[in-house]
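Asker: For reference, the file query25.cif (mmCIF, C-alpha atoms) is included below:
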```cif
data_run
loop_
_atom_site.label_atom_id
_atom_site.label_comp_id
_atom_site.auth_asym_id
_atom_site.auth_seq_id
_atom_site.Cartn_x
_atom_site.Cartn_y
_atom_site.Cartn_z
CA MET T 41 -42.52 -87.56 -48.32
CA PHE T 42 -42.80 -87.65 -44.49
CA SER T 43 -39.91 -86.68 -42.25
CA LYS T 44 -41.90 -86.43 -39.00
CA ILE T 45 -44.76 -88.77 -38.11
CA LEU T 46 -46.90 -88.33 -35.00
CA TYR T 47 -48.45 -91.34 -33.27
CA PRO T 48 -50.87 -90.25 -30.49
CA THR T 49 -51.71 -93.08 -28.12
CA ASP T 50 -53.98 -93.70 -25.16
CA PHE T 51 -52.50 -97.22 -24.86
CA SER T 52 -55.79 -98.83 -25.89
CA ALA T 53 -56.06 -101.87 -28.17
CA THR T 54 -57.14 -99.55 -30.99
CA ALA T 55 -54.06 -97.38 -30.55
CA LYS T 56 -51.81 -100.44 -30.51
CA GLN T 57 -53.18 -101.52 -33.90
CA ALA T 58 -52.37 -98.07 -35.28
CA LEU T 59 -48.83 -98.38 -33.93
CA ASN T 60 -48.00 -101.12 -36.45
CA HIS T 61 -48.77 -98.76 -39.33
CA ALA T 62 -46.92 -95.84 -37.74
CA LEU T 63 -43.83 -98.01 -37.27
CA PHE T 64 -43.96 -99.29 -40.84
CA LEU T 65 -44.29 -95.81 -42.35
CA ALA T 66 -41.56 -94.37 -40.14
CA GLU T 67 -39.20 -97.15 -41.17
CA GLN T 68 -39.97 -96.79 -44.88
CA PHE T 69 -39.48 -93.03 -44.87
CA GLU T 70 -36.67 -93.07 -42.29
CA ALA T 71 -38.78 -90.51 -40.45
CA GLU T 72 -38.80 -89.38 -36.85
CA LEU T 73 -41.65 -91.12 -35.06
CA HIS T 74 -43.11 -89.02 -32.26
CA MET T 75 -45.09 -91.05 -29.73
CA LEU T 76 -47.42 -88.73 -27.81
CA HIS T 77 -49.65 -89.35 -24.81
CA ALA T 78 -52.00 -86.60 -23.65
CA VAL T 79 -52.39 -86.54 -19.88
CA VAL T 80 -55.84 -85.04 -19.39
CA LEU T 81 -57.45 -84.25 -16.05
CA HIS T 82 -60.41 -81.97 -15.43
CA GLU T 83 -59.59 -80.35 -12.12
CA HIS T 84 -62.76 -78.32 -11.67
CA ASP T 85 -65.75 -80.24 -10.35
CA PRO T 86 -68.75 -78.35 -8.94
CA ARG T 87 -69.57 -81.37 -6.76
CA ALA T 88 -66.67 -80.86 -4.36
CA PRO T 89 -64.27 -83.52 -5.72
CA GLU T 90 -62.02 -83.24 -2.66
CA ARG T 91 -64.58 -85.29 -0.75
CA ARG T 92 -64.39 -88.23 -3.12
CA PHE T 93 -61.17 -88.09 -5.11
CA PRO T 94 -57.45 -87.89 -4.36
CA GLU T 95 -55.66 -84.62 -4.94
CA PRO T 96 -55.45 -83.75 -8.66
CA SER T 97 -51.66 -83.52 -8.39
CA ASP T 98 -51.52 -87.10 -7.09
CA ILE T 99 -53.74 -88.33 -9.92
CA LEU T 100 -51.58 -86.54 -12.49
CA GLN T 101 -48.43 -88.03 -11.03
CA ASN T 102 -49.98 -91.49 -11.26
CA LEU T 103 -51.05 -90.90 -14.87
CA PHE T 104 -47.54 -89.79 -15.84
CA GLU T 105 -46.05 -92.88 -14.19
CA ILE T 106 -48.43 -95.14 -16.10
CA ALA T 107 -47.53 -93.37 -19.36
CA ASP T 108 -43.82 -93.75 -18.58
CA SER T 109 -44.25 -97.48 -18.07
CA GLU T 110 -46.34 -98.02 -21.21
CA MET T 111 -44.00 -95.97 -23.41
CA ALA T 112 -40.93 -97.72 -22.03
CA GLN T 113 -42.39 -101.07 -23.07
CA ILE T 114 -43.07 -99.84 -26.60
CA ILE T 115 -39.59 -98.34 -26.97
CA GLU T 116 -37.92 -101.48 -25.64
CA ALA T 117 -39.86 -103.66 -28.07
CA HIS T 118 -38.80 -101.53 -31.05
CA GLN T 119 -35.38 -100.23 -30.05
CA ALA T 120 -33.74 -102.11 -32.95
CA LYS T 121 -35.59 -100.00 -35.52
CA THR T 122 -33.50 -97.85 -37.84
CA PHE T 123 -35.52 -94.66 -37.33
CA THR T 124 -35.61 -92.21 -34.44
CA LEU T 125 -38.37 -92.81 -31.89
CA LYS T 126 -39.22 -89.90 -29.62
CA GLU T 127 -41.65 -89.88 -26.70
CA ALA T 128 -43.67 -87.07 -25.20
CA LYS T 129 -46.20 -86.82 -22.39
CA VAL T 130 -48.11 -83.55 -22.38
CA LYS T 131 -50.67 -82.34 -19.86
CA GLY T 132 -53.75 -80.60 -21.22
CA PHE T 133 -57.48 -80.05 -20.86
CA SER T 134 -58.31 -81.81 -24.14
CA ALA T 135 -56.52 -84.72 -25.80
CA GLY T 136 -57.45 -83.43 -29.26
CA GLN T 137 -56.00 -79.98 -28.58
CA VAL T 138 -52.81 -81.49 -27.13
CA ILE T 139 -52.34 -83.48 -30.35
CA LEU T 140 -53.06 -80.49 -32.59
CA ASP T 141 -50.72 -78.18 -30.66
CA TYR T 142 -47.93 -80.76 -30.64
CA ALA T 143 -48.30 -81.41 -34.38
CA GLN T 144 -48.07 -77.70 -35.15
CA GLU T 145 -45.19 -76.95 -32.79
CA ASN T 146 -43.13 -79.88 -34.10
CA GLU T 147 -43.98 -79.44 -37.81
CA ILE T 148 -45.46 -82.92 -38.10
CA ASP T 149 -46.01 -84.23 -41.66
CA LEU T 150 -48.45 -87.07 -40.89
CA ILE T 151 -50.57 -88.15 -37.93
CA VAL T 152 -51.33 -91.86 -37.52
CA MET T 153 -53.99 -92.64 -34.92
CA GLY T 154 -56.67 -95.14 -33.99
CA THR T 155 -60.33 -94.24 -33.75
CA HIS T 156 -62.86 -95.55 -31.28
CA GLY T 157 -65.72 -95.64 -33.74
CA ARG T 158 -68.30 -98.35 -33.20
CA ARG T 159 -70.05 -100.88 -35.43
CA GLY T 160 -73.58 -100.83 -36.73
CA PRO T 161 -75.64 -97.61 -36.63
CA ALA T 162 -73.39 -96.23 -33.88
CA ARG T 163 -70.40 -96.20 -36.26
CA MET T 164 -71.66 -92.84 -37.55
CA PHE T 165 -70.38 -91.35 -34.28
CA LEU T 166 -66.62 -91.02 -34.62
CA GLY T 167 -64.54 -90.65 -31.49
CA SER T 168 -64.45 -86.96 -30.57
CA VAL T 169 -60.64 -86.81 -30.38
CA ALA T 170 -60.15 -88.31 -33.84
CA GLU T 171 -62.85 -86.08 -35.30
CA GLU T 172 -61.25 -82.95 -33.84
CA VAL T 173 -57.83 -83.91 -35.22
CA ILE T 174 -59.16 -84.80 -38.67
CA ARG T 175 -60.99 -81.49 -38.92
CA GLN T 176 -58.27 -79.16 -37.70
CA ALA T 177 -54.82 -80.67 -38.31
CA ASP T 178 -52.78 -79.00 -41.05
CA CYS T 179 -51.17 -82.27 -42.14
CA PRO T 180 -52.71 -85.49 -43.50
CA VAL T 181 -54.22 -87.88 -40.95
CA LEU T 182 -54.29 -91.67 -41.22
CA THR T 183 -57.07 -93.09 -39.04
CA LEU T 184 -57.50 -96.78 -38.26
CA ARG T 185 -60.62 -98.34 -36.83
CA SER T 186 -60.21 -101.25 -34.41
CA ARG T 187 -60.61 -104.62 -36.16
CA ASP T 188 -60.76 -108.22 -34.96
CA GLN T 189 -58.13 -109.19 -37.53
CA PRO T 190 -56.17 -106.02 -38.31
CA ALA T 191 -54.01 -105.91 -41.42
CA THR T 192 -50.28 -105.51 -40.92
CA GLY T 193 -48.53 -102.37 -42.03
CA GLU T 194 -47.22 -104.08 -45.15
CA ALA T 195 -50.52 -105.63 -46.28
CA MET T 196 -51.93 -102.89 -48.50
CA GLU T 197 -52.75 -104.30 -51.93
CA LYS T 198 -55.64 -102.06 -53.01
CA ILE T 199 -55.92 -98.34 -52.30
CA LEU T 200 -59.16 -96.54 -53.20
CA VAL T 201 -59.13 -92.88 -54.24
CA PRO T 202 -62.50 -91.08 -54.57
CA ILE T 203 -62.26 -88.57 -57.42
CA ASP T 204 -64.55 -85.56 -57.92
CA PHE T 205 -62.13 -83.83 -60.35
CA SER T 206 -61.44 -80.94 -57.99
CA GLU T 207 -57.92 -79.73 -57.20
CA HIS T 208 -58.37 -81.37 -53.81
CA SER T 209 -58.90 -84.81 -55.32
CA LYS T 210 -55.85 -84.27 -57.58
CA SER T 211 -53.80 -83.67 -54.41
CA ALA T 212 -55.23 -86.84 -52.87
CA LEU T 213 -54.31 -88.77 -56.01
CA SER T 214 -50.69 -87.56 -55.75
CA TYR T 215 -50.51 -88.76 -52.15
CA ALA T 216 -52.15 -92.05 -53.13
CA ARG T 217 -49.56 -92.64 -55.87
CA GLU T 218 -46.74 -92.15 -53.38
CA VAL T 219 -48.38 -94.44 -50.84
CA ALA T 220 -49.18 -97.09 -53.48
CA ALA T 221 -45.56 -97.11 -54.66
CA LEU T 222 -44.44 -97.52 -51.04
CA TYR T 223 -46.71 -100.51 -50.42
CA GLY T 224 -46.42 -101.98 -53.92
CA SER T 225 -50.19 -101.71 -54.32
CA SER T 226 -52.60 -100.69 -57.07
CA LEU T 227 -55.10 -97.84 -57.11
CA GLN T 228 -58.86 -97.94 -57.47
CA LEU T 229 -59.98 -94.61 -58.90
CA VAL T 230 -63.66 -94.14 -58.10
CA HIS T 231 -66.00 -91.41 -59.30
CA THR T 232 -69.60 -91.37 -58.12
CA ILE T 233 -72.35 -89.88 -60.27
CA GLU T 234 -75.17 -88.58 -58.13
CA GLU T 235 -78.22 -89.62 -60.13
CA PRO T 236 -81.04 -87.06 -59.85
CA VAL T 237 -84.49 -88.35 -58.98
CA TYR T 238 -87.29 -86.74 -61.00
CA PRO T 239 -91.06 -87.31 -60.94
CA TYR T 240 -92.16 -89.51 -63.84
CA PHE T 241 -93.83 -86.61 -65.66
CA TYR T 242 -90.38 -84.93 -65.98
CA ALA T 243 -89.35 -87.65 -68.41
CA PRO T 244 -87.90 -85.91 -71.49
CA ALA T 245 -89.68 -86.17 -74.79
CA GLY T 246 -88.17 -87.81 -77.84
CA GLY T 247 -87.17 -91.06 -76.20
CA PHE T 248 -84.00 -89.74 -74.53
CA SER T 249 -83.71 -91.66 -71.25
CA MET T 250 -81.86 -91.03 -68.03
CA ALA T 251 -80.10 -94.37 -68.55
CA GLN T 252 -78.71 -93.09 -71.83
CA GLN T 253 -77.52 -89.90 -70.20
CA LEU T 254 -75.81 -91.82 -67.40
CA GLU T 255 -74.03 -94.04 -69.90
CA GLU T 256 -72.66 -90.99 -71.70
CA LEU T 257 -71.48 -89.60 -68.37
CA ARG T 258 -69.73 -92.87 -67.59
CA VAL T 259 -67.84 -92.76 -70.89
CA LYS T 260 -66.76 -89.14 -70.31
CA THR T 261 -65.76 -89.91 -66.73
CA ASP T 262 -63.65 -92.87 -67.80
CA GLU T 263 -61.71 -90.65 -70.20
CA ALA T 264 -61.40 -87.85 -67.65
CA LEU T 265 -59.90 -90.22 -65.08
CA ASP T 266 -57.12 -91.15 -67.50
CA THR T 267 -56.48 -87.46 -68.12
CA LEU T 268 -56.34 -86.74 -64.39
CA VAL T 269 -53.78 -89.46 -63.82
CA GLY T 270 -51.63 -87.95 -66.55
CA GLU T 271 -51.83 -84.51 -64.94
CA SER T 272 -51.20 -85.59 -61.34
CA LYS T 273 -47.78 -85.99 -59.76
CA GLY T 274 -46.26 -89.14 -58.34
CA PRO T 275 -44.66 -92.43 -59.36
CA GLU T 276 -46.20 -94.70 -61.97
CA VAL T 277 -48.47 -97.25 -60.32
CA PRO T 278 -51.13 -99.57 -61.76
CA TYR T 279 -54.70 -98.36 -61.49
CA GLU T 280 -58.27 -99.33 -62.31
CA LYS T 281 -61.20 -97.01 -62.98
CA PHE T 282 -64.70 -97.37 -61.58
CA VAL T 283 -67.78 -95.19 -62.10
CA LEU T 284 -70.53 -95.61 -59.51
CA THR T 285 -74.02 -94.15 -59.21
CA GLY T 286 -75.62 -92.98 -55.99
CA ARG T 287 -74.67 -91.05 -52.86
CA PRO T 288 -70.86 -90.74 -52.82
CA ALA T 289 -70.05 -91.65 -49.20
CA ILE T 290 -72.37 -94.65 -49.16
CA GLU T 291 -71.24 -95.96 -52.55
CA ILE T 292 -67.55 -95.44 -51.77
CA THR T 293 -67.68 -97.36 -48.49
CA ARG T 294 -69.91 -100.07 -49.98
CA PHE T 295 -67.50 -100.50 -52.87
CA ALA T 296 -64.55 -100.67 -50.46
CA GLU T 297 -66.27 -103.43 -48.47
CA GLU T 298 -67.16 -105.46 -51.57
CA GLN T 299 -63.69 -105.10 -53.09
CA ASP T 300 -61.79 -105.76 -49.83
CA THR T 301 -60.05 -102.42 -50.22
CA ASP T 302 -57.12 -102.00 -47.82
CA MET T 303 -57.04 -98.20 -47.57
CA ILE T 304 -58.96 -95.14 -48.74
CA VAL T 305 -57.15 -91.89 -49.58
CA ILE T 306 -59.62 -89.02 -49.67
CA ALA T 307 -59.40 -85.23 -49.81
CA THR T 308 -61.38 -82.88 -47.60
CA HIS T 309 -62.91 -79.65 -48.82
CA GLY T 310 -62.54 -77.85 -45.51
CA LEU T 311 -61.41 -74.23 -45.65
CA SER T 312 -59.19 -72.08 -43.46
CA GLY T 313 -60.32 -70.17 -40.40
CA LEU T 314 -63.60 -71.07 -38.74
CA GLU T 315 -64.85 -72.77 -41.91
CA ARG T 316 -62.16 -75.44 -41.61
CA LEU T 317 -64.21 -76.93 -38.77
CA LEU T 318 -66.68 -78.08 -41.42
CA VAL T 319 -64.91 -80.95 -43.16
CA GLY T 320 -66.43 -81.91 -46.50
CA SER T 321 -69.44 -84.07 -45.72
CA THR T 322 -68.36 -86.89 -48.04
CA ALA T 323 -64.90 -87.18 -46.49
CA GLU T 324 -66.26 -87.09 -42.96
CA GLN T 325 -68.89 -89.75 -43.68
CA VAL T 326 -66.31 -91.99 -45.35
CA VAL T 327 -64.05 -91.76 -42.29
CA ARG T 328 -67.02 -92.70 -40.08
CA LEU T 329 -68.37 -95.52 -42.23
CA ALA T 330 -65.26 -97.20 -43.65
CA SER T 331 -63.90 -100.24 -41.86
CA CYS T 332 -60.49 -99.96 -43.55
CA PRO T 333 -57.86 -97.30 -42.75
CA VAL T 334 -58.61 -93.84 -44.16
CA PHE T 335 -55.87 -91.41 -45.20
CA THR T 336 -57.36 -87.90 -45.12
CA VAL T 337 -55.61 -85.25 -47.22
CA LYS T 338 -56.31 -81.67 -46.17
CA SER T 339 -57.42 -78.95 -48.55
CA PHE T 340 -55.45 -76.51 -46.36
CA GLY T 341 -52.01 -76.83 -44.84
CA LYS T 342 -49.31 -79.17 -46.12
CA SER T 343 -49.59 -80.55 -49.65
CA LEU T 344 -47.50 -82.40 -52.22
CA ILE T 345 -48.53 -80.05 -55.03
#
```
I need this file expressed as structure tokens, please.
Answerer:
Amino acid sequence: MFSKILYPTDFSATAKQALNHALFLAEQFEAELHMLHAVVLHEHDPRAPERRFPEPSDILQNLFEIADSEMAQIIEAHQAKTFTLKEAKVKGFSAGQVILDYAQENEIDLIVMGTHGRRGPARMFLGSVAEEVIRQADCPVLTLRSRDQPATGEAMEKILVPIDFSEHSKSALSYAREVAALYGSSLQLVHTIEEPVYPYFYAPAGGFSMAQQLEELRVKTDEALDTLVGESKGPEVPYEKFVLTGRPAIEITRFAEEQDTDMIVIATHGLSGLERLLVGSTAEQVVRLASCPVFTVKSFGKSLI
């Protein structure tokens, strides 16, 4: 499914946790693993930087030397791997743009990267580099938030797939089936019903309640999920069905926390051109809120179907 995997790194602890997953996937797919470091330096400073900083060329040379040393250590530690490991150090004005350009020029099939999102209320602010890549990359992106006890690449028992019955979610389901077969895991198919809130005087006459309507929707959704699995592509893997009620992003991430979900595979509804900068709000919120890895499937660009 993936012949070229890109692992961008800034050599932080978060990036090192993502490396374990990139290595595992590259080994399983016998893919080329491209290790990329963006060397970024803003040369223009209106406050006369020459009075306080070394020459930009000297700083760049030092940054390249540091990257050489860090990459050499990673390659030496994993030189016995059966896949091809390539390294690249690219100078640019923006780390996100360096990653996007490299992925496009090298026809990358998957990007695996760490995020620097925070905990608590601040977790809603995703690292700008990860956000830029998620929004604009043509290929799927696997993002991993830093954790005190990170799971190993092999430890993926439960994979959650939010389903809204669009073609985009069918594509995500196909990817999820492939990934679940790879890890030997099961799927959690989740559909969230957004319950409308009406003033009490909107209550319908004749005794028909909102609770009754929701129950009928749950029954129909349960049947539709089975139908969707039958129509989607991918290997046969075990799955469970869950119907939630509430705001999708909040309920999906809450469910993932309660169920100890190991990964979320979700589709975006972003479009091509300028509109692709607006990733579907549910997908973007899930990436920001989820503590587990999130595999984002793009509604544009590369697809399994």
Asker: Grab the CA of Ala289 in chain T to CA of Leu268 in chain T distance for me, in Å with one decimal place.
Answerer: 21.0 Å
Asker: Pull out every residue that the PyMOL selection byres ((chain T and resi 287) around 10) matches in the shown coordinates and put them as a PyMOL selection string.
Answerer: chain T and resi 232-235+284-286+288-292+322
Asker: Given the PyMOL selection byres ((chain T and resi 200) around 7) and the file above, list the residues it selects as an mmCIF file with C-alpha atoms, in the coordinates of the input.
Answerer:
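What ended up in out13.cif:
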```cif
data_model
loop_
_atom_site.group_PDB
_atom_site.id
_atom_site.type_symbol
_atom_site.label_atom_id
_atom_site.label_comp_id
_atom_site.auth_asym_id
_atom_site.auth_seq_id
_atom_site.Cartn_x
_atom_site.Cartn_y
_atom_site.Cartn_z
ATOM 1 C CA LYS T 198 -55.640 -102.060 -53.010
ATOM 2 C CA ILE T 199 -55.920 -98.340 -52.300
ATOM 3 C CA VAL T 201 -59.130 -92.880 -54.240
ATOM 4 C CA PRO T 202 -62.500 -91.080 -54.570
ATOM 5 C CA LEU T 227 -55.100 -97.840 -57.110
ATOM 6 C CA GLN T 228 -58.860 -97.940 -57.470
ATOM 7 C CA LEU T 229 -59.980 -94.610 -58.900
ATOM 8 C CA THR T 301 -60.050 -102.420 -50.220
ATOM 9 C CA MET T 303 -57.040 -98.200 -47.570
ATOM 10 C CA ILE T 304 -58.960 -95.140 -48.740
ATOM 11 C CA VAL T 305 -57.150 -91.890 -49.580
#
```
Asker: Pick from T:Asp50, T:Glu276, T:Glu256, T:Asp204: nearest to Ile306 in chain T, with all atoms listed in the file counted?
Answerer: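 Result for the nearest residue to Ile306 in chain T: T:Asp204.
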Asker: For CA of Leu76 in chain T and CA of Arg185 in chain T, quote the distance in Å rounded to one decimal.
Answerer: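 Spanning CA of Leu76 in chain T to CA of Arg185 in chain T is a straight-line distance of 18.7 Å.
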Asker: Of the residues T:Ile45, T:Ile106, T:Met111, T:Ala117, which is the one nearest to Tyr142 in chain T, using all atoms listed in the file?
Answerer: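 Ranking T:Ile45, T:Ile106, T:Met111, T:Ala117 by distance to Tyr142 in chain T, first place goes to T:Ile45.
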Asker: I'd like the residues picked by the PyMOL selection byres ((chain T and resi 180) around 9) written out as a list in words, using the chain letters and numbers from the file.
Answerer: Asp149, Leu150, Ile151, Val152, Ile174, Ala177, Asp178, Cys179, Val181, Leu182, Phe335, Thr336, Val337, Lys338, Gly341, Lys342 and Ser343 of chain T
Asker: Nearest to Phe295 in chain T among T:Arg328, T:Lys131, T:His231, T:Lys56, with distances taken over all atoms listed in the file: which residue is it?
Answerer: T:His231
Asker: So that I can check the surroundings of Phe104 in chain T, please list as a PyMOL selection string every protein, DNA and RNA residue that reaches within 8 Å of it, counting only C-alpha atoms and ignoring chain neighbours fewer than 3 positions away.
Answerer: chain T and resi 79+100-101+107-108+129
Asker: Output C-alpha atoms for every residue in that selection, as a PDB file, in the coordinates of the input.
Answerer:
```
ATOM      1  CA  VAL T  79     -52.390 -86.540 -19.880  1.00  0.00           C
ATOM      2  CA  LEU T 100     -51.580 -86.540 -12.490  1.00  0.00           C
ATOM      3  CA  GLN T 101     -48.430 -88.030 -11.030  1.00  0.00           C
ATOM      4  CA  ALA T 107     -47.530 -93.370 -19.360  1.00  0.00           C
ATOM      5  CA  ASP T 108     -43.820 -93.750 -18.580  1.00  0.00           C
ATOM      6  CA  LYS T 129     -46.200 -86.820 -22.390  1.00  0.00           C
TER       7      LYS T 129
END
```
Asker: Using only C-alpha atoms, which residue out of T:Val334, T:Ala307, T:Ala128, T:Leu103 lies closest to Ser321 in chain T?
Answerer: T:Ala307
Asker: Using all atoms listed in the file, which residues sit within 12 Å of Phe64 in chain T once same-chain residues fewer than 4 positions away are excluded, as a PyMOL selection string?
Answerer: chain T and resi 45+47+57-60+68-73+118+121-123+152+192-196+219+222-223
Asker: For range 330-333 of chain T, work out the shell of residues within 6 Å, counting only C-alpha atoms and skipping chain neighbours fewer than 5 positions away, then give it as a list in words.
Answerer: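 Neighbouring residues, sequence-local ones excluded: Thr183, Leu184, Thr293, Asp302 and Met303 of chain T.
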Asker: Taking only C-alpha atoms into account, name the residue in T:His156, T:Lys126, T:Lys260, T:Arg217 that is nearest to Lys44 in chain T.
Answerer: T:Lys126
Asker: Between CA of Ala296 in chain T and CA of Ile139 in chain T, what is the distance in Å, rounded to a tenth?
Answerer: 29.1 Å
Asker: Show me, as a PyMOL selection string, the residues that have an atom within 12 Å of Asp266 in chain T when counting only C-alpha atoms, minus same-chain residues fewer than 4 positions from it.
Answerer: chain T and resi 203+205+229-230+259-262+270-272+278-282
Asker: Restricted to C-alpha atoms, what would the selected residues look like written as a PDB file, keeping the file's coordinate frame?
Answerer:
```
ATOM      1  CA  ILE T 203     -62.260 -88.570 -57.420  1.00  0.00           C
ATOM      2  CA  PHE T 205     -62.130 -83.830 -60.350  1.00  0.00           C
ATOM      3  CA  LEU T 229     -59.980 -94.610 -58.900  1.00  0.00           C
ATOM      4  CA  VAL T 230     -63.660 -94.140 -58.100  1.00  0.00           C
ATOM      5  CA  VAL T 259     -67.840 -92.760 -70.890  1.00  0.00           C
ATOM      6  CA  LYS T 260     -66.760 -89.140 -70.310  1.00  0.00           C
ATOM      7  CA  THR T 261     -65.760 -89.910 -66.730  1.00  0.00           C
ATOM      8  CA  ASP T 262     -63.650 -92.870 -67.800  1.00  0.00           C
ATOM      9  CA  GLY T 270     -51.630 -87.950 -66.550  1.00  0.00           C
ATOM     10  CA  GLU T 271     -51.830 -84.510 -64.940  1.00  0.00           C
ATOM     11  CA  SER T 272     -51.200 -85.590 -61.340  1.00  0.00           C
ATOM     12  CA  PRO T 278     -51.130 -99.570 -61.760  1.00  0.00           C
ATOM     13  CA  TYR T 279     -54.700 -98.360 -61.490  1.00  0.00           C
ATOM     14  CA  GLU T 280     -58.270 -99.330 -62.310  1.00  0.00           C
ATOM     15  CA  LYS T 281     -61.200 -97.010 -62.980  1.00  0.00           C
ATOM     16  CA  PHE T 282     -64.700 -97.370 -61.580  1.00  0.00           C
TER      17      PHE T 282
END
```
Asker: With only C-alpha atoms as the atoms that count, which of T:Pro48, T:Gly274, T:Gly154, T:Gly224 lies nearest to Ala212 in chain T?
Answerer: T:Gly274
